[in-house]
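A.B. asks: Below you will find the structure I want to go over with you.
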Amino acid sequence: MKYAVGIDIGSTYAKVVVIDEDKNICFTLAQPTGWSSVDTAENVRLQLEEAGFGQDYPCVATGYGRISVPYAKKTITEITCHARGACQLFGEENLTVIDIGGQDTKIIAVKDGTVQDFLMNDKCSAGTGRFLEIMAKTLELSLGELCDLARQGGGTAISSMCTVFAESEVISLIGRGEARENIAFAVVESVVQKVASQAGKLQDVGGQVCLTGGLCECGYVREALERTLGKSVITSRHGRFAGALGAALSALKL
Amino acid sequence: MSNFDLPAAFEEYSEARQAGFLKVKEAKEGGRRVAGTFCAFTPVEILDAAGFLTVSLCGMSAETIPAAETELPRNLCPLIKSSYGFYLTDKCPYTYFADLIVGETTCDGKKKMYEMLGKSKELYVLHLPQGPDLPYAHEMWTAELRRFIEYLEDTYDVEITEEKLRAAIEKRNVMRSARCRLMELLRADTPPISGTELYTFLDGIGFNFDLDDAIAKINNLTSSLSTHKSEGVTVGGKRILITGCPIGGVFRKVVGAIERAGANVVCFENCSGIKPARCMPDQDAADPVAAIAHSYLNIGCSVMTPNPRRMETLPALVKEFRADGVVDIGLQACHTYLVEGHAIRQLCRDNSIPYMALETDYSTADAGQIDTRIAAFIETLGE
Ligand code: SF4
Ligand code: SF4
């Protein structure tokens, strides 16, 4: 049986997908990247071996640590891989892919299965998962709890785009006795607004909007995005593996 | 003959740059005056006719930015901060040697920076009209140039005759055509020289103050490239046109990323590229000053409002150089180019030209991200 491996070494997590010849996902793995992508890549190799995937698989690496995977036959950027992966996951050729990751947010307009236009916010943590994580910590909540609480809140806003200032805004809201769910609401809203305004800059390809990346596991983020964009937003349980899946699909063609 | 000391930072420069500094020092000791400039709108023909050496003082290094930030806001274009930092720290021998600094009323940051430079350097600011198609724009700019000529004549006791102006226009046009011919070689299916090599060469030649020698060097390179091709070019690579802000301070990061991703830069539309090189005053015009004014007003810079020239030339250059995509470089906090970026994105969309905007500064902090963005953009251009 032929299979192909895609490895997406992101800034916080390394994601791995193995697919068979028919493009079915037969194995996934996600582990924290840690400080060395080289060690992570080696660790992934060992785990693949353990799971019964021998040596000679075609492998494509993507993500910011893509150059640290010595056994990858090719590297492709996460933009192309995410687009490919999302098309496969959602069975669509026209998509706006919103990927909210640990350190960056990518918005990709895909038409007829190819990338039409894209934007990356990778300079600043506003509008990324990192922003939510920091705020969750300040509120002494887990990321999941923050998202669930946010659903019940409303009526408050955070105006600062800078994570450091936003954090002090949150702290002063706590000090003022604002209800936690309202603060949680404001935090998620801040990310969603930023992402939506970026999405507005891209060409509207008229297709379905989908949410991938780690944050797609927080149901409320999807709902809030839907409300702000005024469009339906879909996710997949394999959403965080979109990039790795795209890499695996490219590896299959090698 | 007077003697001039070298600034303390002299030793920090490479030999090639040191040679340039020594030439300026020599020229100064021989009685030549030096004018420092910052912009493609500076009418160099007039300075040539007045016997000045002109040298660009445009800051291209991050090194002097911390010093500049002691006086300037952080949220300012790196080109302005770097330039001002060189002045503050006395690190740039050219700034140090400049008898006169010539500025123009272009963007707000630069205008205000000039005021600060003027505190301890002789400064002359030309008032550039910002609506190039206004009925009086041409007249106003011509009047500004005449005022500048008067100032030079009075202050430096020189005579700027029509003959001298005509000779200067002619010489500069030979130089500009030589630069154009070299840049136009990149229209070839496989460009004979890489973007990095071309840019480095053109940048360096700007510090050769012997114009005849500079022209000869450009022409030599052009003719040698008809037989000798550079290895820095990827055969069959995607063709990229660069537009936007001046890129001296970010070109290694950006052009390097494009080349690492297997594409070739075939055209630099920005300042120090094709845009100012194609601005050639009519040397046979009855009034040389009016001719200079006329040609400079055609530079499609975003400080103009509106800026129709850039909108017209960009799609034409894309065709001429058969570019597969446009990379628009905005320096952080450069409002005019960053805002105009939206119109350029739209223009490219309307003409079905793949487009990518990059906002960056002189630091290397975003080098990794820029590599990824550019590689992704090049992947979208297809195999
Ligand atoms: S971009 Fe405009 S303002 Fe800047 S140097 Fe060029 S012409 Fe002058
Ligand atoms: S890059 Fe923009 S902000 Fe900087 S000097 Fe040029 S026009 Fe002004």
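Residues are referred to by chain and number: the chain letter is A, B, ... according to the order shown in the structure tokens, the number counts from 1 in that chain, and ligands are numbered separately from 1 in the order shown.
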Could you pull out the residues in region 9-143 of chain A that DSSP calls strand (DSSP E) from the backbone, as a PyMOL selection string?

C.D. replies: chain A and resi 9+13-20+25-32+59-62+74-75+95-100+105-111+114-121

A.B. asks: Considering only C-alpha atoms, extract the chain B residues located within 12 Å of chain A and return them as a PyMOL selection string.

C.D. replies: chain B and resi 261+325+332+341-343+345-346+348-350+352-361+365-383

A.B. asks: If you keep N, CA and C atoms, can you produce a file of those selected residues as a compact mmCIF listing (two decimals), in the first residue's frame?

C.D. replies:
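New file part-v2.txt:
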```
# COMPACT_ATOMS: atom_id res chain seq x y z
N ALA B 261 13.51 31.94 -3.72
CA ALA B 261 12.31 31.18 -4.06
C ALA B 261 12.31 30.78 -5.54
N GLY B 325 4.33 38.77 -11.91
CA GLY B 325 3.71 39.25 -10.68
C GLY B 325 4.38 40.53 -10.19
N GLN B 332 7.55 50.56 6.61
CA GLN B 332 6.66 50.80 7.73
C GLN B 332 6.47 52.30 7.97
N GLY B 341 -1.12 51.66 -1.80
CA GLY B 341 -1.07 50.23 -2.05
C GLY B 341 -2.43 49.64 -2.38
N HIS B 342 -3.46 50.18 -1.76
CA HIS B 342 -4.80 49.65 -2.03
C HIS B 342 -5.19 49.89 -3.49
N ALA B 343 -4.88 51.08 -3.98
CA ALA B 343 -5.20 51.39 -5.38
C ALA B 343 -4.37 50.53 -6.32
N ARG B 345 -3.20 47.50 -5.64
CA ARG B 345 -3.78 46.16 -5.58
C ARG B 345 -4.99 46.07 -6.53
N GLN B 346 -5.82 47.10 -6.47
CA GLN B 346 -7.02 47.13 -7.31
C GLN B 346 -6.63 47.20 -8.79
N CYS B 348 -3.92 46.16 -10.18
CA CYS B 348 -3.38 44.87 -10.62
C CYS B 348 -4.51 43.86 -10.81
N ARG B 349 -5.47 43.89 -9.88
CA ARG B 349 -6.60 42.99 -9.99
C ARG B 349 -7.34 43.24 -11.31
N ASP B 350 -7.59 44.53 -11.60
CA ASP B 350 -8.31 44.88 -12.83
C ASP B 350 -7.55 44.45 -14.07
N SER B 352 -5.59 41.81 -14.14
CA SER B 352 -5.24 40.39 -13.94
C SER B 352 -3.75 40.17 -13.73
N ILE B 353 -3.13 41.03 -12.95
CA ILE B 353 -1.71 40.87 -12.63
C ILE B 353 -1.62 40.40 -11.17
N PRO B 354 -1.02 39.24 -10.92
CA PRO B 354 -0.85 38.81 -9.53
C PRO B 354 -0.06 39.85 -8.73
N TYR B 355 -0.52 40.12 -7.52
CA TYR B 355 0.03 41.23 -6.74
C TYR B 355 0.25 40.80 -5.30
N MET B 356 1.32 41.25 -4.71
CA MET B 356 1.51 41.05 -3.29
C MET B 356 2.11 42.31 -2.67
N ALA B 357 1.55 42.70 -1.52
CA ALA B 357 2.09 43.85 -0.79
C ALA B 357 2.90 43.34 0.38
N LEU B 358 4.01 43.99 0.64
CA LEU B 358 4.85 43.65 1.80
C LEU B 358 5.10 44.92 2.58
N GLU B 359 4.88 44.87 3.87
CA GLU B 359 5.23 46.02 4.69
C GLU B 359 6.40 45.61 5.56
N THR B 360 7.47 46.36 5.49
CA THR B 360 8.64 45.94 6.24
C THR B 360 9.48 47.14 6.66
N ASP B 361 10.51 46.88 7.45
CA ASP B 361 11.40 47.97 7.84
C ASP B 361 12.84 47.48 7.69
N ALA B 365 14.23 41.30 11.74
CA ALA B 365 13.32 40.52 12.56
C ALA B 365 12.30 39.75 11.73
N ASP B 366 11.87 40.31 10.61
CA ASP B 366 10.82 39.65 9.83
C ASP B 366 11.37 38.90 8.62
N ALA B 367 12.68 38.66 8.58
CA ALA B 367 13.27 38.04 7.39
C ALA B 367 12.64 36.67 7.11
N GLY B 368 12.42 35.88 8.17
CA GLY B 368 11.83 34.55 8.00
C GLY B 368 10.43 34.64 7.43
N GLN B 369 9.62 35.54 7.99
CA GLN B 369 8.24 35.69 7.51
C GLN B 369 8.23 36.16 6.05
N ILE B 370 9.14 37.06 5.74
CA ILE B 370 9.18 37.56 4.36
C ILE B 370 9.54 36.45 3.39
N ASP B 371 10.48 35.60 3.79
CA ASP B 371 10.82 34.44 2.96
C ASP B 371 9.57 33.61 2.67
N THR B 372 8.79 33.35 3.73
CA THR B 372 7.60 32.52 3.56
C THR B 372 6.56 33.20 2.68
N ARG B 373 6.30 34.47 2.95
CA ARG B 373 5.29 35.17 2.14
C ARG B 373 5.66 35.19 0.68
N ILE B 374 6.93 35.50 0.43
CA ILE B 374 7.35 35.60 -0.96
C ILE B 374 7.33 34.23 -1.62
N ALA B 375 7.82 33.21 -0.91
CA ALA B 375 7.79 31.86 -1.49
C ALA B 375 6.35 31.46 -1.78
N ALA B 376 5.43 31.80 -0.88
CA ALA B 376 4.03 31.45 -1.09
C ALA B 376 3.48 32.19 -2.30
N PHE B 377 3.84 33.46 -2.42
CA PHE B 377 3.36 34.24 -3.57
C PHE B 377 3.87 33.62 -4.87
N ILE B 378 5.13 33.22 -4.86
CA ILE B 378 5.70 32.65 -6.08
C ILE B 378 5.06 31.30 -6.40
N GLU B 379 4.73 30.54 -5.36
CA GLU B 379 4.01 29.29 -5.61
C GLU B 379 2.65 29.55 -6.27
N THR B 380 2.01 30.65 -5.87
CA THR B 380 0.69 30.92 -6.47
C THR B 380 0.81 31.27 -7.95
N LEU B 381 2.00 31.63 -8.40
CA LEU B 381 2.16 31.98 -9.81
C LEU B 381 2.23 30.74 -10.69
N GLY B 382 2.22 29.56 -10.05
CA GLY B 382 2.19 28.31 -10.81
C GLY B 382 3.58 27.74 -11.03
N GLU B 383 3.61 26.52 -11.61
CA GLU B 383 4.89 25.82 -11.79
C GLU B 383 5.71 26.48 -12.88
```

A.B. asks: Kindly work out which residues sit at most 9 Å from ligand 2, using only C-alpha atoms and all ligand atoms, and give the list as a PyMOL selection string.

C.D. replies: chain B and resi 38-39+58+76-81+106-111+244-247+301-303+330-338

A.B. asks: Would you save the residues from that selection as a PDB file, in the first residue's frame, using C-alpha atoms?

C.D. replies:
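Output file out-v6.pdb is given in full below:
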```pdb
ATOM      1  CA  PHE B  38      17.504  62.491  -0.659  1.00  0.00           C
ATOM      2  CA  CYS B  39      15.076  62.157  -3.475  1.00  0.00           C
ATOM      3  CA  CYS B  58      19.347  58.348   1.715  1.00  0.00           C
ATOM      4  CA  LEU B  76       8.249  56.884  11.339  1.00  0.00           C
ATOM      5  CA  CYS B  77       9.541  55.529   8.059  1.00  0.00           C
ATOM      6  CA  PRO B  78      12.927  53.798   8.522  1.00  0.00           C
ATOM      7  CA  LEU B  79      14.414  55.678   5.587  1.00  0.00           C
ATOM      8  CA  ILE B  80      13.850  58.980   7.351  1.00  0.00           C
ATOM      9  CA  LYS B  81      15.047  57.671  10.695  1.00  0.00           C
ATOM     10  CA  THR B 106       7.641  65.433  -0.596  1.00  0.00           C
ATOM     11  CA  CYS B 107       6.230  63.435   2.313  1.00  0.00           C
ATOM     12  CA  ASP B 108       5.519  65.004   5.691  1.00  0.00           C
ATOM     13  CA  GLY B 109       8.138  63.028   7.590  1.00  0.00           C
ATOM     14  CA  LYS B 110      10.908  64.108   5.263  1.00  0.00           C
ATOM     15  CA  LYS B 111       9.829  67.744   5.253  1.00  0.00           C
ATOM     16  CA  GLY B 244       6.704  50.954  -3.993  1.00  0.00           C
ATOM     17  CA  CYS B 245       9.069  52.740  -1.621  1.00  0.00           C
ATOM     18  CA  PRO B 246      12.798  53.114  -2.175  1.00  0.00           C
ATOM     19  CA  ILE B 247      14.246  49.702  -1.305  1.00  0.00           C
ATOM     20  CA  CYS B 301       5.752  59.046  -6.826  1.00  0.00           C
ATOM     21  CA  SER B 302       3.030  58.518  -4.241  1.00  0.00           C
ATOM     22  CA  VAL B 303       3.635  61.940  -2.694  1.00  0.00           C
ATOM     23  CA  GLY B 330       5.905  49.583   1.665  1.00  0.00           C
ATOM     24  CA  LEU B 331       8.281  50.797   4.329  1.00  0.00           C
ATOM     25  CA  GLN B 332       6.662  50.802   7.730  1.00  0.00           C
ATOM     26  CA  ALA B 333       4.859  54.074   8.436  1.00  0.00           C
ATOM     27  CA  CYS B 334       5.221  55.358   4.875  1.00  0.00           C
ATOM     28  CA  HIS B 335       1.672  56.577   4.618  1.00  0.00           C
ATOM     29  CA  THR B 336       1.677  57.644   0.995  1.00  0.00           C
ATOM     30  CA  TYR B 337       2.867  54.330  -0.415  1.00  0.00           C
ATOM     31  CA  LEU B 338       0.999  52.152   2.067  1.00  0.00           C
TER      32      LEU B 338
END
```

A.B. asks: Would you kindly return, as an MDAnalysis selection string, each protein, DNA or RNA residue with an atom no farther than 12 Å from any atom of Asp210 (chain B), considering only C-alpha atoms and excluding same-chain residues fewer than 3 positions away?

C.D. replies: chainID B and resid 20 23:24 27 48 52:55 171:172 175 205:207 213:217

A.B. asks: Pick out the residues sitting within 10 Å of Ala40 (chain B), and hand them over as a PyMOL selection string; count only C-alpha atoms, and ignore anything fewer than 5 positions along from it in its own chain.

C.D. replies: chain B and resi 56+104+246+270-272+275-277+279+296+299+301

A.B. asks: I want to know what sits within 7 Å of Val266 (chain B), based on only C-alpha atoms, with residues of the same chain fewer than 4 positions away left out; could you give that as a list of chain:residue names?

C.D. replies: B:Leu186, B:Arg187, B:Gly195, B:Arg239, B:Ile240, B:Leu241, B:Phe321

A.B. asks: As an NGL selection string, please: the residues near region 118-131 of chain B (cut-off 9 Å, only C-alpha atoms, same-chain neighbours under 2 positions excluded).

C.D. replies: :B and (41-42 or 98-106 or 111 or 113-116 or 133-134 or 136-138 or 140-141 or 144-145 or 147-148 or 151 or 297 or 303-307)

A.B. asks: Out of B:Gly204, B:Gly248, B:Gly31, B:Pro308, which residue has the shortest atom-to-atom distance to ligand 1 when counting only C-alpha atoms and all ligand atoms?

C.D. replies: B:Gly248

A.B. asks: I'd like the interatomic distance between CA of Cys59 (chain A) and CA of Asp20 (chain A), to a tenth of an Å.

C.D. replies: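 CA of Asp20 (chain A) lies 12.5 Å from CA of Cys59 (chain A).
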
A.B. asks: Could you jot down the CA of Gln283 (chain B) to CA of Ile149 (chain B) separation for me, Å, one decimal place?

C.D. replies: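 Pair CA of Gln283 (chain B) / CA of Ile149 (chain B) returns 17.8 Å.
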
A.B. asks: Can you list, as JSON, numbers by chain, every protein, DNA or RNA residue that comes within 8 Å of region 91-93 of chain A when you count only C-alpha atoms, leaving out same-chain residues fewer than 6 positions away?

C.D. replies: {"A": [110, 111, 112, 113, 114, 208]}

A.B. asks: To one decimal place, how far is CA of Ser197 (chain A) from CA of Thr163 (chain A) in Å?

C.D. replies: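 Distance reported for this atom pair: 17.5 Å.
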
A.B. asks: Using only C-alpha atoms and all ligand atoms, which residue out of B:Thr243, B:Ser194, B:Thr227, B:Thr313 lies closest to ligand 1?

C.D. replies: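 Nearest to ligand 1: B:Thr243.
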
A.B. asks: Tell me which of B:Ala188, B:Ala316, B:Ile274, B:Leu221 sits closest to ligand 1, counting only C-alpha atoms and all ligand atoms.

C.D. replies: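 Of B:Ala188, B:Ala316, B:Ile274, B:Leu221, the one nearest ligand 1 is B:Ile274, counting only C-alpha atoms and all ligand atoms.
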
A.B. asks: Using only C-alpha atoms and all ligand atoms for the distances, tell me which of B:Thr142, B:Thr37, B:Thr155, B:Thr364 is nearest to ligand 1.

C.D. replies: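 Looking only at the distances to ligand 1, the closest residue turns out to be B:Thr37.
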
A.B. asks: Restricting the calculation to only C-alpha atoms and all ligand atoms, which member of B:Asn298, B:Thr196, B:Asn351, B:Ser363 is positioned closest to ligand 1?

C.D. replies: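 Closest candidate: B:Asn298.
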